[in-house]
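Listing of upload21.cif; format and content: mmCIF, C-alpha atoms.
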data_work
loop_
_atom_site.group_PDB
_atom_site.id
_atom_site.type_symbol
_atom_site.label_atom_id
_atom_site.label_comp_id
_atom_site.auth_asym_id
_atom_site.auth_seq_id
_atom_site.Cartn_x
_atom_site.Cartn_y
_atom_site.Cartn_z
ATOM 1 C CA MET E 1 0.000 0.000 0.000
ATOM 2 C CA ILE E 2 1.317 3.451 -0.900
ATOM 3 C CA SER E 3 0.196 6.847 0.345
ATOM 4 C CA ARG E 4 -0.340 9.802 -1.932
ATOM 5 C CA GLU E 5 2.698 11.551 -0.393
ATOM 6 C CA GLU E 6 4.926 8.548 -1.159
ATOM 7 C CA LEU E 7 3.554 8.326 -4.699
ATOM 8 C CA TYR E 8 4.222 12.042 -5.173
ATOM 9 C CA GLN E 9 7.868 11.527 -4.189
ATOM 10 C CA LEU E 10 8.202 8.586 -6.605
ATOM 11 C CA VAL E 11 6.548 10.345 -9.540
ATOM 12 C CA TRP E 12 8.852 13.361 -9.226
ATOM 13 C CA SER E 13 11.995 11.229 -8.715
ATOM 14 C CA LYS E 14 11.783 8.997 -11.802
ATOM 15 C CA PRO E 15 9.778 8.677 -15.054
ATOM 16 C CA MET E 16 6.245 7.275 -14.898
ATOM 17 C CA THR E 17 7.273 4.162 -16.849
ATOM 18 C CA LYS E 18 9.813 3.298 -14.137
ATOM 19 C CA VAL E 19 7.265 3.920 -11.360
ATOM 20 C CA ALA E 20 4.780 1.714 -13.212
ATOM 21 C CA GLU E 21 7.359 -1.077 -13.606
ATOM 22 C CA GLN E 22 7.974 -0.959 -9.870
ATOM 23 C CA PHE E 23 4.292 -1.787 -9.261
ATOM 24 C CA GLY E 24 3.893 -4.126 -12.241
ATOM 25 C CA VAL E 25 1.284 -1.973 -14.025
ATOM 26 C CA SER E 26 1.254 0.100 -17.197
ATOM 27 C CA GLY E 27 2.217 3.756 -17.317
ATOM 28 C CA SER E 28 -1.292 4.808 -18.283
ATOM 29 C CA TYR E 29 -2.717 2.881 -15.325
ATOM 30 C CA MET E 30 -0.249 4.593 -12.997
ATOM 31 C CA THR E 31 -1.346 7.935 -14.456
ATOM 32 C CA ARG E 32 -4.955 7.110 -13.547
ATOM 33 C CA VAL E 33 -3.832 6.205 -10.018
ATOM 34 C CA CYS E 34 -2.148 9.617 -9.730
ATOM 35 C CA THR E 35 -5.342 11.288 -10.926
ATOM 36 C CA MET E 36 -7.412 9.301 -8.419
ATOM 37 C CA LEU E 37 -5.113 10.327 -5.557
ATOM 38 C CA ASN E 38 -4.866 13.946 -6.802
ATOM 39 C CA VAL E 39 -1.083 13.666 -7.252
ATOM 40 C CA PRO E 40 0.396 16.121 -9.796
ATOM 41 C CA ARG E 41 2.746 14.615 -12.381
ATOM 42 C CA PRO E 42 5.621 16.056 -14.409
ATOM 43 C CA GLY E 43 4.625 17.316 -17.838
ATOM 44 C CA VAL E 44 5.683 15.890 -21.180
ATOM 45 C CA GLY E 45 9.414 16.358 -21.742
ATOM 46 C CA TYR E 46 10.144 17.026 -18.081
ATOM 47 C CA TRP E 47 12.899 14.419 -17.824
ATOM 48 C CA ALA E 48 14.626 15.626 -21.018
ATOM 49 C CA LYS E 49 14.527 19.212 -19.713
ATOM 50 C CA LEU E 50 15.817 18.033 -16.342
ATOM 51 C CA ALA E 51 18.881 16.537 -18.056
ATOM 52 C CA PHE E 52 19.774 20.078 -19.235
ATOM 53 C CA ASP E 53 18.733 21.837 -16.001
ATOM 54 C CA LYS E 54 15.815 23.494 -17.820
ATOM 55 C CA ALA E 55 12.970 21.675 -16.045
ATOM 56 C CA PRO E 56 10.348 23.685 -14.161
ATOM 57 C CA PRO E 57 10.130 23.161 -10.402
ATOM 58 C CA PRO E 58 7.892 20.309 -9.198
ATOM 59 C CA ILE E 59 4.221 21.141 -8.752
ATOM 60 C CA PRO E 60 3.489 21.052 -5.012
ATOM 61 C CA LEU E 61 1.239 18.314 -3.691
ATOM 62 C CA PRO E 62 -2.171 19.883 -2.961
ATOM 63 C CA GLU E 63 -3.817 19.353 0.398
ATOM 64 C CA ALA E 64 -6.126 16.359 0.551
ATOM 65 C CA ARG E 65 -9.775 17.356 0.334
ATOM 66 C CA PRO E 66 -12.458 15.748 2.488
ATOM 67 C CA GLY E 67 -13.436 12.432 0.927
ATOM 68 C CA ASP E 68 -10.245 12.106 -1.165
ATOM 69 C CA THR E 69 -8.587 8.711 -1.495
ATOM 70 C CA LEU E 70 -5.322 8.807 0.462
ATOM 71 C CA PHE E 71 -3.844 5.364 -0.307
ATOM 72 C CA TRP E 72 -3.506 2.992 -3.260
ATOM 73 C CA SER E 73 -2.787 -0.703 -3.179
ATOM 74 C CA GLN E 74 -1.700 -2.780 -6.140
ATOM 75 C CA ASP E 75 -4.018 -5.610 -5.110
ATOM 76 C CA GLY E 76 -6.974 -3.231 -5.000
ATOM 77 C CA GLN E 77 -7.462 -3.494 -1.243
ATOM 78 C CA LEU E 78 -7.960 -0.012 0.065
ATOM 79 C CA PRO E 79 -8.666 1.112 3.593
ATOM 80 C CA PRO E 80 -12.242 2.284 4.114
ATOM 81 C CA PRO E 81 -12.715 5.913 3.091
ATOM 82 C CA GLN E 82 -12.581 8.402 5.907
ATOM 83 C CA LYS E 83 -15.718 10.456 6.234
ATOM 84 C CA PRO E 84 -15.239 13.984 7.501
ATOM 85 C CA GLN E 85 -17.077 14.706 10.720
ATOM 86 C CA ALA E 86 -18.996 17.923 10.287
ATOM 87 C CA PRO E 87 -20.354 19.602 13.384
ATOM 88 C CA ARG E 88 -24.077 19.114 13.801
ATOM 89 C CA ARG E 89 -26.290 22.148 13.926
ATOM 90 C CA ALA E 90 -29.855 22.465 14.991
ATOM 91 C CA ARG E 91 -32.211 22.583 12.037
ATOM 92 C CA LYS E 92 -34.089 25.767 11.529
ATOM 93 C CA LYS E 93 -37.487 26.041 9.995
ATOM 94 C CA PRO E 94 -37.304 27.143 6.359
ATOM 95 C CA VAL E 95 -38.072 30.774 5.730
ATOM 96 C CA HIS E 96 -40.546 31.461 2.956
ATOM 97 C CA ALA E 97 -40.239 34.981 1.716
ATOM 98 C CA THR E 98 -43.382 36.466 0.263
ATOM 99 C CA ALA E 99 -43.451 39.903 -1.229
ATOM 100 C CA PRO E 100 -46.279 42.159 -0.141
ATOM 101 C CA LYS E 101 -48.695 43.068 -2.909
ATOM 102 C CA GLU E 102 -47.646 46.706 -2.897
ATOM 103 C CA ALA E 103 -44.048 45.654 -3.635
ATOM 104 C CA THR E 104 -45.051 44.237 -7.038
ATOM 105 C CA HIS E 105 -43.534 46.217 -9.879
ATOM 106 C CA GLU E 106 -45.985 48.323 -11.835
ATOM 107 C CA MET E 107 -45.076 46.644 -15.124
ATOM 108 C CA ILE E 108 -46.324 43.261 -13.937
ATOM 109 C CA ARG E 109 -49.321 44.355 -11.857
ATOM 110 C CA GLY E 110 -52.430 43.032 -13.523
ATOM 111 C CA ALA E 111 -50.480 40.694 -15.827
ATOM 112 C CA LYS E 112 -52.141 37.633 -14.321
ATOM 113 C CA ALA E 113 -55.528 38.739 -15.597
ATOM 114 C CA HIS E 114 -54.135 39.075 -19.116
ATOM 115 C CA PHE E 115 -52.521 35.653 -19.044
ATOM 116 C CA GLU E 116 -55.758 34.082 -17.872
ATOM 117 C CA HIS E 117 -57.425 35.412 -21.026
ATOM 118 C CA THR E 118 -54.990 34.030 -23.601
ATOM 119 C CA ARG E 119 -55.202 31.421 -26.271
ATOM 120 C CA SER E 120 -52.656 28.715 -27.073
ATOM 121 C CA SER E 121 -50.573 28.890 -30.205
ATOM 122 C CA TYR E 122 -51.067 26.171 -32.792
ATOM 123 C CA ASP E 123 -48.090 24.214 -31.455
ATOM 124 C CA ARG E 124 -48.960 24.923 -27.778
ATOM 125 C CA LEU E 125 -45.424 26.106 -27.013
ATOM 126 C CA TYR E 126 -46.402 29.611 -26.000
ATOM 127 C CA LEU E 127 -49.428 31.711 -25.180
ATOM 128 C CA LYS E 128 -50.859 34.338 -27.494
ATOM 129 C CA LEU E 129 -51.999 37.431 -25.686
ATOM 130 C CA THR E 130 -55.263 38.992 -26.733
ATOM 131 C CA SER E 131 -55.360 42.322 -28.515
ATOM 132 C CA ALA E 132 -56.673 43.914 -25.305
ATOM 133 C CA PHE E 133 -53.271 43.353 -23.688
ATOM 134 C CA TRP E 134 -51.419 45.137 -26.462
ATOM 135 C CA SER E 135 -53.739 48.106 -26.417
ATOM 136 C CA ILE E 136 -53.357 48.508 -22.632
ATOM 137 C CA SER E 137 -49.568 48.089 -22.669
ATOM 138 C CA SER E 138 -49.114 50.568 -25.519
ATOM 139 C CA ALA E 139 -51.351 53.066 -23.718
ATOM 140 C CA ARG E 140 -49.122 52.760 -20.611
ATOM 141 C CA ARG E 141 -45.949 53.297 -22.641
ATOM 142 C CA HIS E 142 -47.279 56.484 -24.224
ATOM 143 C CA ALA E 143 -48.673 57.893 -20.995
#

Translate this structure into structure tokens?
Amino acid sequence: MISREELYQLVWSKPMTKVAEQFGVSGSYMTRVCTMLNVPRPGVGYWAKLAFDKAPPPIPLPEARPGDTLFWSQDGQLPPPQKPQAPRRARKKPVHATAPKEATHEMIRGAKAHFEHTRSSYDRLYLKLTSAFWSISSARRHA
């Protein structure tokens, strides 16, 4: 069994193919293991750049997040996942906000009445407002 910190040290000390050989798996499988454990890997060409002292510095290992897998085993046997213990809080009753009638914007006051007197379009995807709506709304715009 290997921890994510140990895998991080291995991945940044030798090429992925060598790390994979050590565990008897393929390089692409080892890459998936690194992804599962949230272990950053060197980019393409890192080892060639390192030979000429042109390689970028290693990407730091990020902190483990709650629920992350922390270990990997070649035989597939993993320790049970650790569940974070969140502090319990007393439940509060949900608050339902209702706007008072006088807080309704003037542009939508009375719209319900117009929508109740509509007819469906031929494909029933939208409502067609009656001509009374358009005459009232245009009168309000010009007032």

* Residue contacts of Arg4 (chain E) (10 Å, all atoms listed in the file) excluding same-chain residues fewer than 5 positions away, as an NGL selection string -> :E and (9-10 or 33-34 or 36-39 or 61 or 64 or 69-72)

Write to file, as a PDB file, in the coordinates of the input, the residues of the selection just made, with C-alpha atoms.
ATOM      1  CA  GLN E   9       7.868  11.527  -4.189  1.00  0.00           C
ATOM      2  CA  LEU E  10       8.202   8.586  -6.605  1.00  0.00           C
ATOM      3  CA  VAL E  33      -3.832   6.205 -10.018  1.00  0.00           C
ATOM      4  CA  CYS E  34      -2.148   9.617  -9.730  1.00  0.00           C
ATOM      5  CA  MET E  36      -7.412   9.301  -8.419  1.00  0.00           C
ATOM      6  CA  LEU E  37      -5.113  10.327  -5.557  1.00  0.00           C
ATOM      7  CA  ASN E  38      -4.866  13.946  -6.802  1.00  0.00           C
ATOM      8  CA  VAL E  39      -1.083  13.666  -7.252  1.00  0.00           C
ATOM      9  CA  LEU E  61       1.239  18.314  -3.691  1.00  0.00           C
ATOM     10  CA  ALA E  64      -6.126  16.359   0.551  1.00  0.00           C
ATOM     11  CA  THR E  69      -8.587   8.711  -1.495  1.00  0.00           C
ATOM     12  CA  LEU E  70      -5.322   8.807   0.462  1.00  0.00           C
ATOM     13  CA  PHE E  71      -3.844   5.364  -0.307  1.00  0.00           C
ATOM     14  CA  TRP E  72      -3.506   2.992  -3.260  1.00  0.00           C
TER      15      TRP E  72
END

* Resolved residues for the PyMOL selection byres ((chain E and resi 43) around 10) as a PyMOL selection string -> chain E and resi 40-42+44-47+55-56+58-59

* Asked: For the atom pair CA of Val11 (chain E) and CA of Ala51 (chain E), what is the interatomic distance in Å to one decimal place?
  ->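 These atoms are spaced 16.2 Å apart.
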
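The two atoms in question, CA of Glu63 (chain E) and CA of Glu5 (chain E), are spaced 10.2 Å apart.
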
* **Two-atom distance - CA of Lys14 (chain E), CA of Ser73 (chain E) (Å)** => 19.5 Å

* **Output check: residues returned by the PyMOL selection byres ((chain E and resi 21-24) around 12), as a PyMOL selection string** => chain E and resi 1-2+7+10-11+14-20+25-30+33+72-75
